[in-house]
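> For reference, the file work.cif (mmCIF, C-alpha atoms and all ligand atoms) is included below:
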data_run
loop_
_atom_site.label_atom_id
_atom_site.label_comp_id
_atom_site.auth_asym_id
_atom_site.auth_seq_id
_atom_site.Cartn_x
_atom_site.Cartn_y
_atom_site.Cartn_z
CA MET D 144 -12.95 11.30 17.18
CA LYS D 145 -9.73 10.52 15.35
CA ALA D 146 -6.82 9.61 17.62
CA LEU D 147 -3.97 12.10 17.79
CA ASN D 148 -0.74 11.08 16.14
CA ARG D 149 2.67 11.25 17.86
CA LYS D 150 3.46 14.74 16.67
CA GLU D 151 0.13 16.08 17.90
CA ARG D 152 0.41 14.27 21.22
CA PHE D 153 3.95 15.47 21.76
CA LYS D 154 2.91 19.09 21.23
CA LYS D 155 -0.06 18.66 23.56
CA LEU D 156 1.82 16.83 26.32
CA PHE D 157 5.07 18.80 26.23
CA PRO D 158 4.04 22.31 25.20
CA ASP D 159 7.13 23.91 26.76
CA GLU D 160 9.67 21.85 24.88
CA PRO D 161 11.64 23.82 22.30
CA GLN D 162 10.77 23.35 18.63
CA TYR D 163 13.87 21.28 17.84
CA ARG D 164 12.87 18.54 20.30
CA LEU D 165 10.23 17.21 17.95
CA GLU D 166 12.86 16.88 15.27
CA GLN D 167 15.10 14.99 17.71
CA VAL D 168 12.18 12.72 18.56
CA ASN D 169 11.51 11.98 14.89
CA GLN D 170 15.16 11.27 14.22
CA ALA D 171 15.27 8.94 17.21
CA LEU D 172 12.31 6.96 15.89
CA PHE D 173 14.34 6.08 12.81
CA SER D 174 17.61 5.45 14.63
CA ASP D 175 18.89 2.14 15.98
CA ALA D 176 17.45 2.90 19.43
CA LYS D 177 15.05 0.27 20.73
CA ASN D 178 13.14 2.45 23.17
CA TRP D 179 12.94 6.01 24.51
CA ASP D 180 15.45 5.23 27.21
CA GLU D 181 18.15 4.69 24.59
CA VAL D 182 17.66 8.11 23.01
CA SER D 183 20.54 9.89 24.69
CA ALA D 184 19.99 13.11 22.70
CA LEU D 185 16.90 13.77 24.82
CA PRO D 186 17.01 14.90 28.47
CA SER D 187 16.26 12.05 30.86
CA SER D 188 13.15 13.78 32.26
CA LEU D 189 11.68 13.95 28.75
CA ARG D 190 12.66 10.34 28.07
CA LEU D 191 10.74 9.32 31.20
CA GLY D 192 7.74 11.40 30.14
CA LEU D 193 7.76 9.87 26.66
CA GLU D 194 8.12 6.37 28.08
CA LYS D 195 4.95 6.95 30.11
CA GLU D 196 2.87 8.77 27.52
CA ILE D 197 3.85 7.80 24.00
CA PRO D 198 4.54 4.20 23.02
CA TRP D 199 7.84 3.73 21.16
CA LEU D 200 5.95 1.79 18.52
CA SER D 201 2.25 2.43 17.90
CA VAL D 202 1.65 -1.22 16.93
CA GLU D 203 2.43 -4.55 18.54
CA ALA D 204 3.11 -7.82 16.77
CA LYS D 205 0.42 -10.37 17.45
CA GLN D 206 1.62 -13.04 15.05
CA LEU D 207 4.28 -13.54 12.40
CA VAL D 208 4.13 -16.20 9.71
CA TRP D 209 6.85 -17.00 7.15
CA ASN D 210 5.93 -18.75 3.91
CA SER D 211 7.51 -22.05 2.95
CA ARG D 212 10.03 -20.39 0.59
CA GLN D 213 11.08 -18.07 3.42
CA ASP D 214 10.83 -15.02 1.17
CA THR D 215 7.62 -13.57 2.54
CA CYS D 216 6.53 -12.91 6.08
CA LYS D 217 3.10 -11.71 7.13
CA ALA D 218 2.66 -9.90 10.44
CA LEU D 219 -0.59 -9.35 12.25
CA LEU D 220 -0.27 -6.08 14.14
CA THR D 221 -2.44 -4.88 16.98
CA ALA D 222 -3.19 -1.17 17.25
CA ASN D 223 -3.76 0.69 20.53
CA ASP D 224 -7.50 0.09 20.40
CA GLY D 225 -7.04 -3.65 19.85
CA LEU D 226 -7.89 -3.68 16.16
CA ILE D 227 -5.73 -5.98 14.09
CA PHE D 228 -4.35 -5.36 10.62
CA GLU D 229 -1.68 -6.86 8.40
CA THR D 230 1.62 -5.92 6.88
CA VAL D 231 3.86 -8.06 4.69
CA LEU D 232 7.62 -8.28 4.17
CA MET D 233 8.65 -9.63 0.75
CA LYS D 234 12.10 -10.31 -0.61
CA ASN D 235 12.59 -8.55 -3.95
CA LYS D 236 14.86 -9.36 -6.86
CA ARG D 237 17.64 -7.16 -5.48
CA GLU D 238 17.71 -9.38 -2.37
CA GLN D 239 16.32 -6.48 -0.38
CA TRP D 240 12.85 -6.11 1.04
CA THR D 241 9.64 -4.61 -0.23
CA ILE D 242 7.04 -4.03 2.42
CA CYS D 243 3.35 -4.07 1.68
CA VAL D 244 1.58 -1.73 4.05
CA SER D 245 -2.04 -1.25 5.09
CA SER D 246 -3.73 2.14 5.20
CA GLN D 247 -6.98 1.06 6.83
CA VAL D 248 -8.34 -1.76 8.94
CA GLY D 249 -10.65 -3.42 6.44
CA CYS D 250 -11.87 -1.58 3.37
CA ALA D 251 -15.11 0.00 2.18
CA MET D 252 -14.46 -0.58 -1.51
CA ALA D 253 -15.78 -4.16 -1.47
CA CYS D 254 -13.99 -5.33 -4.60
CA THR D 255 -15.68 -8.63 -5.28
CA PHE D 256 -12.53 -10.78 -5.48
CA CYS D 257 -10.80 -9.37 -2.40
CA ALA D 258 -10.71 -10.83 1.10
CA THR D 259 -10.18 -7.46 2.78
CA GLY D 260 -13.29 -6.13 1.06
CA THR D 261 -15.42 -8.67 2.94
CA MET D 262 -14.43 -7.07 6.29
CA GLY D 263 -16.02 -3.71 5.57
CA LEU D 264 -14.18 -0.67 6.89
CA LYS D 265 -13.36 -0.76 10.60
CA ARG D 266 -11.35 2.45 10.62
CA SER D 267 -8.58 4.31 8.87
CA LEU D 268 -5.11 4.05 10.35
CA ILE D 269 -3.49 7.15 11.79
CA SER D 270 -0.21 8.20 10.22
CA ASP D 271 1.91 6.62 13.01
CA GLU D 272 0.28 3.24 12.42
CA ILE D 273 1.24 3.47 8.75
CA VAL D 274 4.75 4.82 9.40
CA ASP D 275 5.34 2.20 12.09
CA GLN D 276 4.76 -0.70 9.73
CA TYR D 277 8.11 0.32 8.24
CA ARG D 278 9.63 0.82 11.71
CA PHE D 279 8.23 -2.51 12.87
CA TRP D 280 9.97 -4.37 10.01
CA LYS D 281 13.19 -2.39 10.49
CA GLN D 282 13.25 -3.41 14.11
CA TYR D 283 12.48 -7.02 13.19
CA LEU D 284 15.34 -7.07 10.66
CA ARG D 285 17.76 -5.61 13.19
CA GLU D 286 16.82 -8.43 15.55
CA HIS D 287 17.57 -10.89 12.70
CA PRO D 288 21.00 -9.89 11.39
CA GLU D 289 21.14 -13.06 9.28
CA LEU D 290 18.51 -11.49 6.97
CA PRO D 291 19.16 -8.73 4.40
CA GLN D 292 18.70 -5.45 6.25
CA ARG D 293 17.53 -2.97 3.66
CA ILE D 294 13.89 -2.12 3.01
CA SER D 295 14.14 -0.67 -0.46
CA ASN D 296 10.48 -0.33 -1.47
CA VAL D 297 7.08 0.29 0.05
CA VAL D 298 3.81 -0.53 -1.66
CA PHE D 299 0.38 0.47 -0.40
CA MET D 300 -1.23 -2.81 -1.40
CA GLY D 301 -2.20 -4.12 2.02
CA MET D 302 -5.55 -3.54 3.64
CA GLY D 303 -7.57 -0.52 2.66
CA GLU D 304 -7.86 2.08 -0.04
CA PRO D 305 -5.02 4.54 0.65
CA THR D 306 -6.63 7.52 -1.06
CA ALA D 307 -9.63 7.14 1.24
CA ASN D 308 -7.22 7.95 4.08
CA TYR D 309 -5.54 10.79 2.24
CA GLU D 310 -4.10 12.97 5.01
CA SER D 311 -2.63 10.13 7.07
CA VAL D 312 -1.12 8.48 4.00
CA LYS D 313 0.36 11.81 2.90
CA GLU D 314 1.85 12.38 6.34
CA ALA D 315 3.35 8.88 6.35
CA LEU D 316 4.85 9.45 2.90
CA HIS D 317 6.50 12.67 4.02
CA THR D 318 7.85 10.99 7.14
CA TRP D 319 9.46 8.13 5.21
CA LEU D 320 10.83 10.47 2.56
CA LYS D 321 12.43 12.61 5.24
CA TYR D 322 13.74 10.04 7.70
CA THR D 323 14.53 6.96 5.59
CA ASP D 324 16.46 6.30 2.39
CA LEU D 325 13.23 5.65 0.47
CA GLY D 326 12.91 7.93 -2.53
CA LEU D 327 9.81 8.95 -4.47
CA THR D 328 10.19 6.16 -7.01
CA ARG D 329 10.54 3.52 -4.31
CA ILE D 330 7.05 4.05 -2.94
CA THR D 331 3.87 3.06 -4.77
CA VAL D 332 0.36 4.04 -3.79
CA SER D 333 -2.09 1.60 -5.30
CA THR D 334 -5.65 2.83 -5.67
CA VAL D 335 -8.96 1.76 -7.20
CA GLY D 336 -9.19 5.32 -8.43
CA ILE D 337 -11.48 7.55 -6.40
CA LEU D 338 -11.77 10.31 -8.99
CA PRO D 339 -12.17 13.36 -6.68
CA VAL D 340 -9.08 12.23 -4.74
CA LEU D 341 -7.10 11.62 -7.91
CA LYS D 342 -7.98 15.19 -8.88
CA LYS D 343 -6.94 16.43 -5.45
CA ILE D 344 -3.53 14.78 -5.87
CA LEU D 345 -2.95 16.99 -8.88
CA GLU D 346 -4.04 20.13 -7.07
CA ASP D 347 -2.26 19.53 -3.78
CA PRO D 348 1.21 21.10 -3.81
CA GLU D 349 2.11 18.98 -0.78
CA TRP D 350 1.31 15.64 -2.33
CA PRO D 351 4.66 13.88 -2.84
CA SER D 352 4.90 12.48 -6.36
CA VAL D 353 5.39 8.86 -5.43
CA ARG D 354 4.39 6.23 -7.95
CA ILE D 355 0.70 5.59 -8.55
CA ALA D 356 -0.79 2.25 -9.54
CA ILE D 357 -4.40 2.18 -10.65
CA SER D 358 -6.23 -1.07 -9.96
CA LEU D 359 -8.12 -1.27 -13.21
CA HIS D 360 -9.17 -4.94 -13.50
CA SER D 361 -11.24 -4.19 -16.60
CA ALA D 362 -11.40 -1.58 -19.32
CA ASN D 363 -15.02 -2.42 -19.91
CA GLN D 364 -17.20 -0.12 -17.80
CA LYS D 365 -19.88 -2.72 -17.10
CA ARG D 366 -17.41 -5.48 -16.25
CA ARG D 367 -15.45 -3.15 -14.01
CA GLU D 368 -18.61 -2.19 -12.12
CA GLU D 369 -19.13 -5.89 -11.44
CA ILE D 370 -15.57 -6.38 -10.16
CA VAL D 371 -15.13 -3.04 -8.41
CA PRO D 372 -18.64 -2.04 -7.29
CA THR D 373 -17.58 1.49 -6.33
CA THR D 374 -16.90 2.27 -9.99
CA VAL D 375 -18.77 5.47 -10.87
CA PRO D 376 -20.53 6.09 -14.20
CA HIS D 377 -18.12 7.04 -17.02
CA PHE D 378 -15.19 6.09 -14.78
CA LEU D 379 -12.97 4.89 -17.59
CA GLU D 380 -13.38 8.00 -19.71
CA LYS D 381 -12.71 10.23 -16.71
CA LEU D 382 -9.70 8.19 -15.66
CA LYS D 383 -8.28 8.52 -19.16
CA THR D 384 -8.60 12.30 -19.01
CA TRP D 385 -7.04 12.32 -15.54
CA SER D 386 -4.09 10.24 -16.72
CA HIS D 387 -3.21 12.95 -19.25
CA ASP D 388 -3.53 15.67 -16.60
CA TYR D 389 -1.30 13.58 -14.33
CA ALA D 390 1.31 13.11 -17.03
CA LYS D 391 1.34 16.86 -17.69
CA LYS D 392 1.66 17.71 -14.03
CA LEU D 393 3.77 14.95 -12.50
CA GLY D 394 4.58 12.35 -15.07
CA ASN D 395 8.00 11.63 -16.47
CA ARG D 396 9.94 8.52 -17.28
CA ARG D 397 10.31 7.69 -13.60
CA HIS D 398 6.92 8.85 -12.37
CA HIS D 399 4.58 6.97 -14.61
CA ILE D 400 1.22 5.44 -13.82
CA THR D 401 0.93 1.68 -13.83
CA TYR D 402 -2.33 -0.15 -14.34
CA GLU D 403 -2.89 -3.23 -12.22
CA TYR D 404 -5.04 -5.98 -13.65
CA THR D 405 -5.98 -9.03 -11.59
CA LEU D 406 -6.73 -11.84 -14.01
CA LEU D 407 -9.89 -13.70 -13.00
CA ASN D 408 -10.57 -16.85 -14.94
CA GLU D 409 -13.38 -16.37 -17.47
CA VAL D 410 -14.36 -13.09 -15.85
CA ASN D 411 -11.95 -10.53 -17.29
CA ASP D 412 -9.34 -12.62 -19.10
CA SER D 413 -10.87 -13.13 -22.56
CA GLU D 414 -9.10 -12.10 -25.76
CA GLU D 415 -11.89 -9.68 -26.49
CA LEU D 416 -11.35 -7.94 -23.15
CA ALA D 417 -7.58 -7.93 -23.74
CA HIS D 418 -8.12 -6.03 -27.02
CA GLU D 419 -10.50 -3.65 -25.27
CA LEU D 420 -7.96 -3.09 -22.51
CA ALA D 421 -5.10 -2.52 -24.92
CA LYS D 422 -7.06 0.04 -26.94
CA TYR D 423 -8.11 1.78 -23.75
CA ILE D 424 -4.59 1.97 -22.35
CA ARG D 425 -3.19 3.27 -25.61
CA GLY D 426 -5.59 6.19 -25.23
CA THR D 427 -4.26 7.02 -21.77
CA ALA D 428 -0.98 8.65 -20.85
CA SER D 429 0.67 5.42 -19.75
CA SER D 430 1.47 2.16 -21.45
CA LYS D 431 2.44 0.06 -18.45
CA ILE D 432 0.28 -2.77 -17.28
CA ASN D 433 1.00 -5.23 -14.53
CA VAL D 434 -1.07 -8.39 -14.64
CA ILE D 435 -1.63 -10.08 -11.31
CA PRO D 436 -2.38 -13.78 -10.96
CA TYR D 437 -5.41 -14.13 -8.72
CA ASN D 438 -4.81 -15.57 -5.29
CA PRO D 439 -7.65 -17.76 -4.08
CA VAL D 440 -9.81 -16.43 -1.27
CA SER D 441 -12.02 -18.81 0.67
CA GLY D 442 -15.71 -18.23 0.09
CA LYS D 443 -15.13 -16.51 -3.27
CA SER D 444 -16.07 -18.22 -6.51
CA PHE D 445 -13.25 -16.64 -8.53
CA HIS D 446 -10.33 -18.65 -9.86
CA ARG D 447 -6.87 -17.85 -11.10
CA SER D 448 -6.80 -17.42 -14.87
CA GLN D 449 -5.59 -20.60 -16.59
CA GLN D 450 -2.02 -20.40 -17.84
CA GLU D 451 -2.92 -20.46 -21.54
CA ARG D 452 -5.53 -17.73 -21.05
CA THR D 453 -3.00 -15.62 -19.13
CA ASP D 454 -0.38 -16.10 -21.84
CA ARG D 455 -2.79 -15.22 -24.61
CA PHE D 456 -4.01 -12.17 -22.69
CA LYS D 457 -0.46 -10.85 -22.31
CA GLU D 458 0.35 -11.64 -25.94
CA VAL D 459 -2.61 -9.55 -27.13
CA LEU D 460 -1.48 -6.63 -24.96
CA ARG D 461 2.10 -6.87 -26.21
CA GLY D 462 0.75 -6.81 -29.76
CA TYR D 463 -0.28 -3.22 -29.04
CA ASP D 464 3.25 -2.29 -27.90
CA LEU D 465 2.30 -2.06 -24.26
CA THR D 466 4.78 -2.78 -21.50
CA VAL D 467 3.37 -5.84 -19.80
CA THR D 468 4.76 -7.22 -16.56
CA GLN D 469 3.42 -9.97 -14.37
CA ARG D 470 3.53 -9.79 -10.63
CA LYS D 471 5.27 -12.68 -8.96
CA THR D 472 2.97 -14.40 -6.53
CA MET D 473 4.45 -14.34 -3.05
CA GLY D 474 3.09 -15.54 0.23
CA ASP D 475 -0.04 -17.16 -1.17
CA ASP D 476 0.52 -20.19 1.09
CA ILE D 477 0.20 -17.95 4.17
CA ALA D 478 -2.67 -15.80 2.78
CA ALA D 479 -0.30 -12.85 2.53
CA ALA D 480 -0.62 -12.35 -1.19
CA CYS D 481 -2.46 -9.54 -2.90
CA GLY D 482 -6.20 -9.60 -2.15
CA GLN D 483 -5.87 -12.26 0.55
CA LEU D 484 -5.40 -10.07 3.60
CA VAL D 485 -8.21 -10.43 6.07
CA VAL D 486 -8.44 -10.58 9.85
CA ILE D 487 -11.36 -11.08 12.18
CA ASN D 488 -11.74 -8.07 14.47
CA SER D 489 -14.51 -8.71 16.94
S1 LIG D 501 -8.82 -4.71 -3.60
FE1 LIG D 501 -8.03 -2.98 -2.37
S2 LIG D 501 -9.62 -1.41 -2.64
FE2 LIG D 501 -10.57 -3.33 -3.27
S3 LIG D 501 -11.59 -4.13 -1.41
FE3 LIG D 501 -9.53 -5.01 -1.49
S4 LIG D 501 -8.29 -3.64 -0.23
FE4 LIG D 501 -10.13 -2.53 -0.76
#
What would the structure in this file look like if it were written as C-alpha cells?

Amino acid sequence: MKALNRKERFKKLFPDEPQYRLEQVNQALFSDAKNWDEVSALPSSLRLGLEKEIPWLSVEAKQLVWNSRQDTCKALLTANDGLIFETVLMKNKREQWTICVSSQVGCAMACTFCATGTMGLKRSLISDEIVDQYRFWKQYLREHPELPQRISNVVFMGMGEPTANYESVKEALHTWLKYTDLGLTRITVSTVGILPVLKKILEDPEWPSVRIAISLHSANQKRREEIVPTTVPHFLEKLKTWSHDYAKKLGNRRHHITYEYTLLNEVNDSEELAHELAKYIRGTASSKINVIPYNPVSGKSFHRSQQERTDRFKEVLRGYDLTVTQRKTMGDDIAAACGQLVVINS
C-alpha cells in the first residue's frame, strides 16, 4: 500500500485541527524554520504532536559528494523505508542553482544507455519525497551561506520516469508553484514519452503547464526501440500528432517542448540519422533540440560521440533551421551526470 503523504497524515492524525492549520504547516515547511519546534505560528501542543508523528524532512542525507569543479553536488538520500535515491545540485549560468530531482527509486523504462535503468523499479516516490529534495537543498544552502542561495530551476532528470508517477509528481509541482518562487517555466519534466500519460496531460485541467522535455534519442523507430525498449509501435508518428495537440492546448513561446537527444557514438550520431531527425522534428510542433553528450556508465558498451561526429550532427540539424543547444556536462566525475545515477538498494 502506498505510504500516506504529509497532508494525508496530518488530516488523519489531527482531525480536529481547523482547516487553516494545514496551510500554516505547509508555509512553515518552506520557511527558514529548521524543525517543528521553531514554527511559532503553531500551538505548542501541535508542534509536539508533529515532532512525534511527522518528520520535518521526509528524507535524510546519507552522503554528499562535490565534483572537482565545485559546481555540482550529488546527494544520496534515504527515505523512511531505507531505500536510497539521488538528487543533484548544479550551478547554472546565472550563478544560481538548478536541482535535478528523482521521481522514483530506480526506473522500469530500462533505457539501454542509462545506469538507473539497470536498477529496475524499486518504487515510486511519494510527493513529500519529491518536494523535499528541494527543501533538502534549501536547508543545505542555508547552512552554507558562502554559496549562492537561490534555487532557480528544477528538472525531473534524476532517477525514474516522472510520468509513471503522475499523481505524486503533479502534487509536488503544485506545492513548489505555491510555496516557492519557482514559476511554470522554471520547472522541466523530462519524459521518455508514455503516450497515454502525454494524452492525459492534455486532458487534465489540473496539470500545471511546466516545461516538457521528450527524451527522443532517435527519430528512427527501429533505432529508438533499441535505445528505449519501451518504445511502442508507431511511437514517432503518434508523438508528432501529440506535439501539435500540445501546442494547440498549452504551447506558446515560453511553454514549448524540447527534444532531448543523447549522442551515442556510432549508434545514433550518423549524418543520415541527423537528417532523419531534422526532418522529423520539422514535422512536429517544436523546433528545439538539446543534444546531450553521453556520460560513461560502467558495464555499458556505449561511448560518448566523438567531437567531430557531434559537431557534424549539430551542423546538419542547424541546416534545417532548428534551434540546437548542447547540454553542459556537469558532475560526470562523481557519477552525478545525466544517465549515471544509480544506487544499490539491498
Ligand atoms: S533514461 Fe530516464 S527513463 Fe530511461 S531508464 Fe534512465 S531514468 Fe528511466
> What residues of the protein or nucleic acid chains come within 9 Å of ligand LIG 501 (chain D) when you use all atoms listed in the file? Reply as a count of residues only.
34
> Which one of D:Val168, D:Leu200, D:Tyr389, D:Tyr309 sits closest to Pro186 (chain D) if you count all atoms listed in the file?
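With all atoms listed in the file as the atom set, the closest residue is D:Val168.
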> Smallest atom-to-atom distance to Arg293 (chain D): which of D:Lys392, D:Arg278, D:His387, D:Lys177, using only C-alpha atoms?
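Residue with the minimum atom-to-atom distance to Arg293 (chain D): D:Arg278.
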> Contacts of Ser361 (chain D) at 8 Å or less, counting all atoms listed in the file, minus same-chain residues fewer than 3 places along, as a PDB file with C-alpha atoms, in the coordinates of the input?

ATOM      1  CA  GLN D 364     -17.200  -0.120 -17.800  1.00  0.00           C
ATOM      2  CA  ARG D 366     -17.410  -5.480 -16.250  1.00  0.00           C
ATOM      3  CA  ARG D 367     -15.450  -3.150 -14.010  1.00  0.00           C
ATOM      4  CA  TYR D 404      -5.040  -5.980 -13.650  1.00  0.00           C
ATOM      5  CA  ASN D 411     -11.950 -10.530 -17.290  1.00  0.00           C
ATOM      6  CA  LEU D 416     -11.350  -7.940 -23.150  1.00  0.00           C
ATOM      7  CA  LEU D 420      -7.960  -3.090 -22.510  1.00  0.00           C
TER       8      LEU D 420
END
> In Å, with one decimal, what is the gap from CA of Leu325 (chain D) to CA of Asn169 (chain D)?
15.8 Å
> Counting only C-alpha atoms, which residue out of D:Val297, D:Leu165, D:Val208, D:Ile370 sits closest to Val274 (chain D)?
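Closest to Val274 (chain D), using only C-alpha atoms: D:Val297.
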> Need the neighbours of (-1.2, -13.9, -2.4): which residues are at most 12 Å away, counting all atoms listed in the file, as a ChimeraX atom specification?
/D:210,215-217,231,233,243,257-258,300-301,405,435-440,447,470-485
> If I take CA of Leu226 (chain D) and CA of Val202 (chain D), how far is one from the other in Å, to one decimal?
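Atom-to-atom, CA of Leu226 (chain D) to CA of Val202 (chain D), that is 9.9 Å.
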> List the spatial neighbours of Arg164 (chain D) as a PyMOL selection string - criterion: any atom at most 12 Å away, only C-alpha atoms, same-chain residues fewer than 2 positions off excluded.
chain D and resi 150+153-154+157-162+166-171+182+184-186+189-190+193
> Return the single residue from D:Ser429, D:Thr373, D:Asn178, D:Thr323 that is closest to His399 (chain D), with distances computed using all atoms listed in the file.
D:Ser429
> Between CA of Ala204 (chain D) and CA of Pro291 (chain D), what is the spacing in Å?
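That distance, rounded to one decimal, is 20.3 Å.
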> Give the answer as one residue: which of D:Leu338, D:Ala218, D:Leu316, D:Leu232 has the shortest atom-to-atom distance to Ser295 (chain D), using all atoms listed in the file?
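Smallest distance to Ser295 (chain D) is found for D:Leu232.
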> Taking all atoms listed in the file into account, which of D:Glu238, D:Asp464, D:Glu403, D:Glu409 comes nearest Lys422 (chain D)?
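Nearest to Lys422 (chain D): D:Asp464.
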> List as a list in words the protein and nucleic acid residues near Ser267 (chain D), meaning an atom at most 7 Å away when all atoms listed in the file are counted, but skip any in the same chain fewer than 6 places from it.
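Answer for this query is Ser246, Gln247, Val248 and Asn308 of chain D.
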> Which residues are close to Trp385 (chain D), i.e. within 9 Å by all atoms listed in the file, leaving aside same-chain residues fewer than 2 positions away? Reply as a list in words.
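Counting all atoms listed in the file, the residues come to Leu338, Leu341, Lys342, Glu380, Lys381, Leu382, Lys383, His387, Asp388, Tyr389, Ala390, Thr427 and Ala428 of chain D.
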> Hey, what's within 9 Å of region 281-288 of chain D if we count all atoms listed in the file and toss same-chain stuff fewer than 4 positions away? As a PyMOL selection string, please?
chain D and resi 173+175+177+276-277+292-294
